[in-house]
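Student: Quick one, data05.csv (CSV, C-alpha atoms):
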```csv
chain,number,residue,atom,x,y,z
Q,3,MET,CA,16.2,-8.8,3.7
Q,4,ARG,CA,18.2,-7.4,6.6
Q,5,ILE,CA,21.5,-8.9,5.3
Q,6,GLY,CA,20.8,-7.7,1.8
Q,7,ALA,CA,20.0,-4.2,3.0
Q,8,THR,CA,23.2,-4.1,5.1
Q,9,HIS,CA,25.3,-5.1,2.1
Q,10,ALA,CA,23.5,-2.6,-0.2
Q,11,LYS,CA,23.9,0.3,2.3
Q,12,ALA,CA,27.6,-0.6,2.9
Q,13,GLY,CA,28.2,-0.2,-0.9
Q,14,SER,CA,29.5,-3.8,-1.2
Q,15,LEU,CA,31.1,-4.7,-4.5
Q,16,ASN,CA,30.9,-8.0,-6.4
Q,17,ALA,CA,33.8,-9.9,-8.0
Q,18,ASP,CA,33.8,-7.5,-11.0
Q,19,GLY,CA,34.2,-4.5,-8.8
Q,20,LYS,CA,30.7,-3.3,-9.4
Q,21,LYS,CA,28.0,-2.6,-6.8
Q,22,ALA,CA,26.5,-5.7,-5.4
Q,23,PHE,CA,23.0,-4.6,-6.3
Q,24,SER,CA,21.9,-3.2,-9.7
Q,25,ALA,CA,19.0,-0.7,-9.9
Q,26,ASN,CA,16.7,-3.6,-10.9
Q,27,GLU,CA,17.7,-5.7,-7.9
Q,28,LEU,CA,17.3,-2.7,-5.6
Q,29,HIS,CA,13.8,-2.3,-7.1
Q,30,TRP,CA,13.0,-5.9,-6.4
Q,31,PHE,CA,14.3,-6.0,-2.8
Q,32,ARG,CA,12.7,-2.6,-2.0
Q,33,LYS,CA,9.2,-3.6,-3.2
Q,34,ASN,CA,9.3,-7.0,-1.6
Q,35,SER,CA,10.5,-5.8,1.8
Q,36,PHE,CA,7.7,-3.2,1.8
Q,37,ASN,CA,5.0,-5.6,0.7
Q,38,ILE,CA,6.1,-8.2,3.3
Q,39,GLY,CA,6.1,-5.7,6.1
Q,40,VAL,CA,2.7,-4.2,5.2
Q,41,THR,CA,0.9,-7.4,4.5
Q,42,ASN,CA,2.0,-8.9,7.8
Q,43,CYS,CA,1.1,-6.0,10.0
Q,44,SER,CA,-1.8,-7.8,11.6
Q,45,SER,CA,0.1,-11.1,12.3
Q,46,TRP,CA,3.7,-10.2,13.1
Q,47,ASP,CA,5.2,-8.7,16.2
Q,48,MET,CA,5.9,-5.0,15.9
Q,49,PRO,CA,9.7,-5.3,16.1
Q,50,LYS,CA,9.7,-7.7,13.1
Q,51,ILE,CA,7.6,-5.3,11.0
Q,52,ILE,CA,9.8,-2.4,12.0
Q,53,GLY,CA,12.9,-4.4,11.0
Q,54,VAL,CA,11.6,-5.3,7.5
Q,55,LEU,CA,10.5,-1.8,6.8
Q,56,ALA,CA,13.8,-0.5,8.0
Q,57,SER,CA,15.4,-2.7,5.3
Q,58,CYS,CA,13.1,-1.1,2.8
Q,59,LEU,CA,14.3,2.3,3.8
Q,60,ASP,CA,17.9,1.1,3.5
Q,61,PHE,CA,17.3,-0.1,-0.1
Q,62,ILE,CA,15.7,3.2,-1.0
Q,63,SER,CA,18.7,5.1,0.3
Q,64,CYS,CA,21.0,3.1,-2.1
Q,65,TYR,CA,19.5,4.4,-5.3
Q,66,PRO,CA,21.8,6.6,-7.4
Q,67,ASP,CA,21.6,10.4,-7.1
Q,68,ASP,CA,21.4,11.0,-10.9
Q,69,MET,CA,17.9,9.4,-11.4
Q,70,PRO,CA,15.3,11.5,-13.2
Q,71,LYS,CA,12.9,13.3,-10.8
Q,72,GLU,CA,10.0,11.2,-12.2
Q,73,ASP,CA,11.6,8.1,-10.9
Q,74,TYR,CA,12.1,9.4,-7.4
Q,75,GLU,CA,8.4,10.0,-6.9
Q,76,GLU,CA,7.7,6.3,-6.2
Q,77,LEU,CA,10.7,6.2,-3.8
Q,78,TYR,CA,9.4,9.3,-1.9
Q,79,VAL,CA,5.9,7.9,-1.4
Q,80,MET,CA,7.1,4.4,-0.4
Q,81,SER,CA,9.6,6.0,2.1
Q,82,MET,CA,6.8,8.0,3.7
Q,83,ARG,CA,4.6,5.0,4.0
Q,84,CYS,CA,7.4,3.1,5.7
Q,85,HIS,CA,7.8,5.9,8.2
Q,86,PHE,CA,4.1,6.0,8.8
Q,87,VAL,CA,3.8,2.4,9.6
Q,88,MET,CA,7.0,2.4,11.7
Q,89,GLY,CA,5.9,5.5,13.6
Q,90,ALA,CA,2.6,3.9,14.4
Q,91,ALA,CA,4.2,0.7,15.5
Q,92,LYS,CA,6.7,2.5,17.7
Q,93,VAL,CA,4.1,4.6,19.4
Q,94,SER,CA,2.2,1.4,20.2
Q,95,LEU,CA,5.3,0.0,21.7
Q,96,ALA,CA,6.0,3.1,23.7
Q,97,ARG,CA,2.5,3.1,25.2
Q,98,THR,CA,2.9,-0.4,26.6
Q,99,GLU,CA,6.5,0.0,27.7
Q,100,ASP,CA,6.9,-0.1,31.5
Q,101,ARG,CA,10.6,1.0,31.6
Q,102,LEU,CA,10.7,4.8,31.5
Q,103,ASP,CA,14.0,5.0,29.6
Q,104,GLU,CA,12.8,2.6,26.9
Q,105,ARG,CA,9.5,4.3,26.6
Q,106,LEU,CA,11.1,7.7,26.1
Q,107,GLN,CA,13.5,6.2,23.6
Q,108,LYS,CA,10.6,4.8,21.6
Q,109,TYR,CA,8.9,8.2,21.6
Q,110,LEU,CA,12.1,9.8,20.4
Q,111,GLU,CA,12.2,7.3,17.5
Q,112,VAL,CA,8.5,8.1,16.8
Q,113,ARG,CA,9.4,11.7,16.4
Q,114,HIS,CA,12.2,10.8,14.1
Q,115,HIS,CA,9.8,9.0,11.8
Q,116,VAL,CA,7.4,12.0,11.8
Q,117,ALA,CA,10.2,14.4,10.9
Q,118,ALA,CA,11.4,12.1,8.1
Q,119,PHE,CA,7.8,11.8,6.7
Q,120,ASP,CA,7.4,15.5,6.8
Q,121,LEU,CA,10.7,16.1,5.1
Q,122,GLU,CA,9.8,13.7,2.3
Q,123,LEU,CA,6.4,15.3,1.9
Q,124,CYS,CA,8.0,18.7,1.4
Q,125,LYS,CA,10.3,17.6,-1.4
Q,126,GLU,CA,9.7,18.7,-4.9
Q,127,THR,CA,7.8,16.1,-6.8
Q,128,VAL,CA,6.6,15.4,-10.3
Q,129,GLY,CA,3.3,13.8,-11.2
Q,130,ARG,CA,1.9,13.1,-7.7
Q,131,ASP,CA,-1.8,12.6,-8.2
Q,132,GLU,CA,-4.4,14.2,-6.0
Q,133,PRO,CA,-5.6,11.0,-4.3
Q,134,THR,CA,-2.0,10.2,-3.2
Q,135,VAL,CA,-1.6,13.8,-1.9
Q,136,LEU,CA,-4.8,13.5,0.1
Q,137,ASP,CA,-3.8,10.1,1.5
Q,138,LEU,CA,-0.3,11.4,2.5
Q,139,TYR,CA,-1.8,14.4,4.3
Q,140,ARG,CA,-4.3,12.2,6.2
Q,141,LYS,CA,-1.3,10.1,7.3
Q,142,LEU,CA,0.5,13.3,8.3
Q,143,SER,CA,-2.4,14.4,10.5
Q,144,ILE,CA,-2.2,11.0,12.3
Q,145,LEU,CA,1.6,11.2,12.7
Q,146,LEU,CA,1.4,14.7,14.1
Q,147,VAL,CA,-0.8,13.4,16.9
Q,148,PHE,CA,1.9,10.8,17.6
Q,149,ASP,CA,4.6,13.6,17.4
Q,150,PHE,CA,2.6,15.7,19.9
Q,151,GLU,CA,2.2,12.7,22.2
Q,152,GLY,CA,6.0,12.1,22.0
Q,153,ALA,CA,6.8,15.7,22.7
Q,154,VAL,CA,4.6,15.7,25.8
Q,155,ALA,CA,6.2,12.5,27.0
Q,156,LEU,CA,9.7,13.9,26.4
Q,157,LYS,CA,8.6,17.2,28.0
Q,158,SER,CA,9.7,19.0,24.8
Q,159,TRP,CA,7.3,21.9,25.6
Q,160,ASP,CA,8.9,24.3,23.1
Q,161,ASP,CA,8.0,21.9,20.2
Q,162,LEU,CA,4.3,21.7,21.0
Q,163,GLY,CA,3.3,25.0,19.4
Q,164,ASN,CA,5.0,24.2,16.1
Q,165,ILE,CA,3.3,20.8,16.0
Q,166,VAL,CA,-0.1,22.3,16.5
Q,167,ARG,CA,0.5,25.0,13.8
Q,168,LYS,CA,1.6,22.3,11.3
Q,169,ALA,CA,-1.6,20.3,12.2
Q,170,LYS,CA,-3.7,23.3,11.4
Q,171,THR,CA,-2.6,22.9,7.7
Q,172,CYS,CA,-4.3,19.5,7.7
Q,173,ARG,CA,-7.6,21.1,8.6
Q,174,ASP,CA,-8.7,18.1,10.6
Q,175,GLU,CA,-10.8,18.7,13.7
Q,176,THR,CA,-10.1,15.2,15.0
Q,177,THR,CA,-6.3,15.7,14.9
Q,178,LEU,CA,-6.5,18.9,17.0
Q,179,LYS,CA,-9.0,17.4,19.5
Q,180,ALA,CA,-6.7,14.4,19.9
Q,181,MET,CA,-3.8,16.7,20.7
Q,182,GLY,CA,-6.0,18.5,23.2
Q,183,ASP,CA,-7.1,15.3,24.9
Q,184,CYS,CA,-3.4,14.2,25.2
Q,185,LEU,CA,-2.5,17.6,26.8
Q,186,LEU,CA,-5.4,17.5,29.2
Q,187,ARG,CA,-4.3,14.0,30.4
Q,188,SER,CA,-0.7,15.1,30.9
Q,189,GLU,CA,1.2,16.9,33.7
Q,190,THR,CA,2.1,19.8,31.5
Q,191,PRO,CA,2.9,23.1,33.2
Q,192,SER,CA,-0.1,25.3,33.5
Q,193,LYS,CA,1.3,28.1,31.3
Q,194,VAL,CA,2.3,25.7,28.6
Q,195,MET,CA,-1.1,24.0,28.8
Q,196,PHE,CA,-2.9,27.3,28.5
Q,197,SER,CA,-0.9,28.6,25.5
Q,198,ILE,CA,-1.1,25.3,23.6
Q,199,MET,CA,-4.8,24.7,24.4
Q,200,ARG,CA,-5.5,28.3,23.1
Q,201,LEU,CA,-3.8,27.4,19.8
Q,202,ILE,CA,-5.7,24.2,19.6
Q,203,VAL,CA,-9.1,25.9,20.3
Q,204,ASN,CA,-8.4,28.6,17.8
Q,205,GLY,CA,-7.5,26.0,15.2
Q,206,ILE,CA,-10.8,24.2,15.8
Q,207,SER,CA,-12.8,27.4,15.7
Q,208,VAL,CA,-11.7,28.4,12.2
Q,209,LEU,CA,-12.6,25.1,10.6
Q,210,GLU,CA,-15.4,25.2,8.0
Q,211,LYS,CA,-17.5,22.6,9.9
Q,212,PHE,CA,-17.0,24.4,13.2
Q,213,ASP,CA,-19.6,23.3,15.8
Q,214,THR,CA,-20.0,25.9,18.5
Q,215,GLN,CA,-21.8,23.6,20.9
Q,216,LYS,CA,-19.0,21.0,20.8
Q,217,LEU,CA,-16.4,23.7,21.2
Q,218,GLY,CA,-18.3,25.1,24.2
Q,219,LYS,CA,-18.2,21.7,26.0
Q,220,TYR,CA,-14.5,21.4,25.1
Q,221,LEU,CA,-13.7,24.8,26.5
Q,222,ARG,CA,-15.5,24.0,29.7
Q,223,CYS,CA,-13.3,20.9,30.2
Q,224,ILE,CA,-10.2,23.1,29.6
Q,225,PHE,CA,-11.5,25.7,32.1
Q,226,GLN,CA,-12.1,23.1,34.8
Q,227,VAL,CA,-8.6,21.6,34.3
Q,228,ILE,CA,-6.7,25.0,34.3
Q,229,LEU,CA,-8.7,26.6,37.2
Q,230,PRO,CA,-7.1,24.6,40.0
Q,231,LEU,CA,-3.6,25.2,38.4
Q,232,ASP,CA,-3.8,28.9,37.8
Q,233,ASP,CA,-6.9,31.0,38.4
Q,234,THR,CA,-5.5,34.0,36.5
Q,235,LEU,CA,-5.1,31.9,33.3
Q,236,ALA,CA,-8.5,30.4,33.9
Q,237,LEU,CA,-10.1,33.9,33.9
Q,238,GLN,CA,-8.1,34.8,30.8
Q,239,LEU,CA,-9.6,31.7,29.1
Q,240,LEU,CA,-13.0,32.8,30.2
Q,241,GLU,CA,-12.5,36.2,28.6
Q,242,GLU,CA,-11.3,34.7,25.4
Q,243,THR,CA,-14.1,32.3,25.3
Q,244,SER,CA,-16.6,35.2,25.6
Q,245,HIS,CA,-14.9,36.8,22.6
Q,246,ILE,CA,-15.2,33.6,20.6
Q,247,ALA,CA,-18.9,33.3,21.7
Q,248,ARG,CA,-19.7,36.9,20.5
Q,249,GLU,CA,-18.1,36.2,17.1
Q,250,GLY,CA,-20.1,33.0,16.8
Q,251,SER,CA,-23.4,34.6,18.0
Q,252,GLN,CA,-23.6,32.0,20.7
Q,253,VAL,CA,-23.2,34.2,23.9
Q,254,SER,CA,-25.9,32.6,25.9
Q,255,PHE,CA,-24.7,29.1,25.2
Q,256,PHE,CA,-21.1,29.7,26.1
Q,257,ARG,CA,-22.1,31.4,29.3
Q,258,SER,CA,-24.2,28.4,30.4
Q,259,GLN,CA,-21.3,26.1,29.6
Q,260,LEU,CA,-18.7,28.1,31.5
Q,261,VAL,CA,-20.6,29.0,34.7
Q,262,VAL,CA,-18.7,28.1,37.8
Q,263,SER,CA,-20.8,26.4,40.4
Q,264,GLN,CA,-21.0,28.5,43.6
```
Taking this structure as input, can you express it in the form of structure tokens?

Tutor:
Amino acid sequence: MRIGATHAKAGSLNADGKKAFSANELHWFRKNSFNIGVTNCSSWDMPKIIGVLASCLDFISCYPDDMPKEDYEELYVMSMRCHFVMGAAKVSLARTEDRLDERLQKYLEVRHHVAAFDLELCKETVGRDEPTVLDLYRKLSILLVFDFEGAVALKSWDDLGNIVRKAKTCRDETTLKAMGDCLLRSETPSKVMFSIMRLIVNGISVLEKFDTQKLGKYLRCIFQVILPLDDTLALQLLEETSHIAREGSQVSFFRSQLVVSQ
């Protein structure tokens, strides 16, 4: 697959001066490389899976530009699914990589796949059914957690806010909590941690299935982490928590959760 993808992407010509691969041949190679990569996810090594799916993306990039919009829909969806699997594989490799430079490079590649997925998702489409849309947004919510993890590892502090804001559109409490957990385990500067955690908490609080008790416990954890770093920010968090509590008619609960032991 790799050799075929290289020739296809290079625009190689056959003896008649035509492109080496017709549209039907691209279709065959694209589908088979995708199916091989996905069906062997549980048995192959990560680099091998990544290589096969990279070939699939190369075949997709070789389709002509004058295709009807309807024909592009399948390519967009398959491209996003490739980026999803490759992003998940690379974040797994990054987490187990001991060499710092290699680990950071893997996280950089993860972020590339997330950006590519998001770009494809934003493209104008024709005939995308609702189950597919829901599936793609579920995948996006997972990828955004990986993107957040990568940004933290790369110390790209300015990117964190945009990632959280994009995650809010997925309306998934688990996604936001995973980002919060990642941040709390990191060595993020206190001011960055405070501002991003505030975004995350606000995002959780507006969800329809918002649970004030769970949020109270979560806020207590944040308060305990920030207090040793910056007591001014910790007090500001306490004030904002009281405001959230009043809005949720849970004043007594939040006070009990955020009491500092004397």

Student: Which residue, Q:Phe31, Q:Trp159, Q:Phe150, Q:Tyr78, has the smallest gap to Leu121 (chain Q) when you use all atoms listed in the file?

Tutor: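 Nearest to Leu121 (chain Q): Q:Tyr78.
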
Student: Would you compute the distance between CA of Gly182 (chain Q) and CA of Thr134 (chain Q)? Give it in Å to one decimal.

Tutor: 28.0 Å

Student: Got a sec: who's within 7 Å of Ala25 (chain Q), counting all atoms listed in the file, leaving out chain neighbours fewer than 3 positions off, as a ChimeraX atom specification?

Tutor: /Q:28-29,65

Student: In Å to one decimal, how far is CA of Thr177 (chain Q) from CA of Ser207 (chain Q)?

Tutor: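 Calculated distance between CA of Ser207 (chain Q) and CA of Thr177 (chain Q) is 13.4 Å.
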
Student: How many Å separate CA of Met181 (chain Q) from CA of Phe86 (chain Q)?

Tutor: 17.8 Å

Student: Report as lines of an AutoDock Vina configuration file the centre and the edge lengths, in Å to one decimal, of the axis-aligned box holding every listed atom of region 85-90 of chain Q, padded by 8 Å on each side.

Tutor:
```
center_x = 5.2
center_y = 4.2
center_z = 11.3
size_x = 21.2
size_y = 19.6
size_z = 22.2
```

Student: Which residues, written as a ChimeraX atom specification, have at least one atom at most 6 Å from region 41-57 of chain Q, with all atoms listed in the file counted and residues fewer than 2 positions away on the same chain left out?

Tutor: /Q:4,7,35-39,59-60,84,88,91

Student: Which residues are near region 197-199 of chain Q? Cut-off 9 Å, all atoms listed in the file, ignore same chain within fewer than 5 positions. Put them as a short mmCIF file (atom, residue, chain, number, x, y, z; two decimals) with C-alpha atoms, keeping the file's coordinate frame.

Tutor:
```cif
data_model
loop_
_atom_site.label_atom_id
_atom_site.label_comp_id
_atom_site.auth_asym_id
_atom_site.auth_seq_id
_atom_site.Cartn_x
_atom_site.Cartn_y
_atom_site.Cartn_z
CA LEU Q 162 4.30 21.70 21.00
CA GLY Q 163 3.30 25.00 19.40
CA VAL Q 166 -0.10 22.30 16.50
CA MET Q 181 -3.80 16.70 20.70
CA GLY Q 182 -6.00 18.50 23.20
CA LEU Q 185 -2.50 17.60 26.80
CA LEU Q 186 -5.40 17.50 29.20
CA SER Q 192 -0.10 25.30 33.50
CA ASN Q 204 -8.40 28.60 17.80
CA ILE Q 224 -10.20 23.10 29.60
#
```
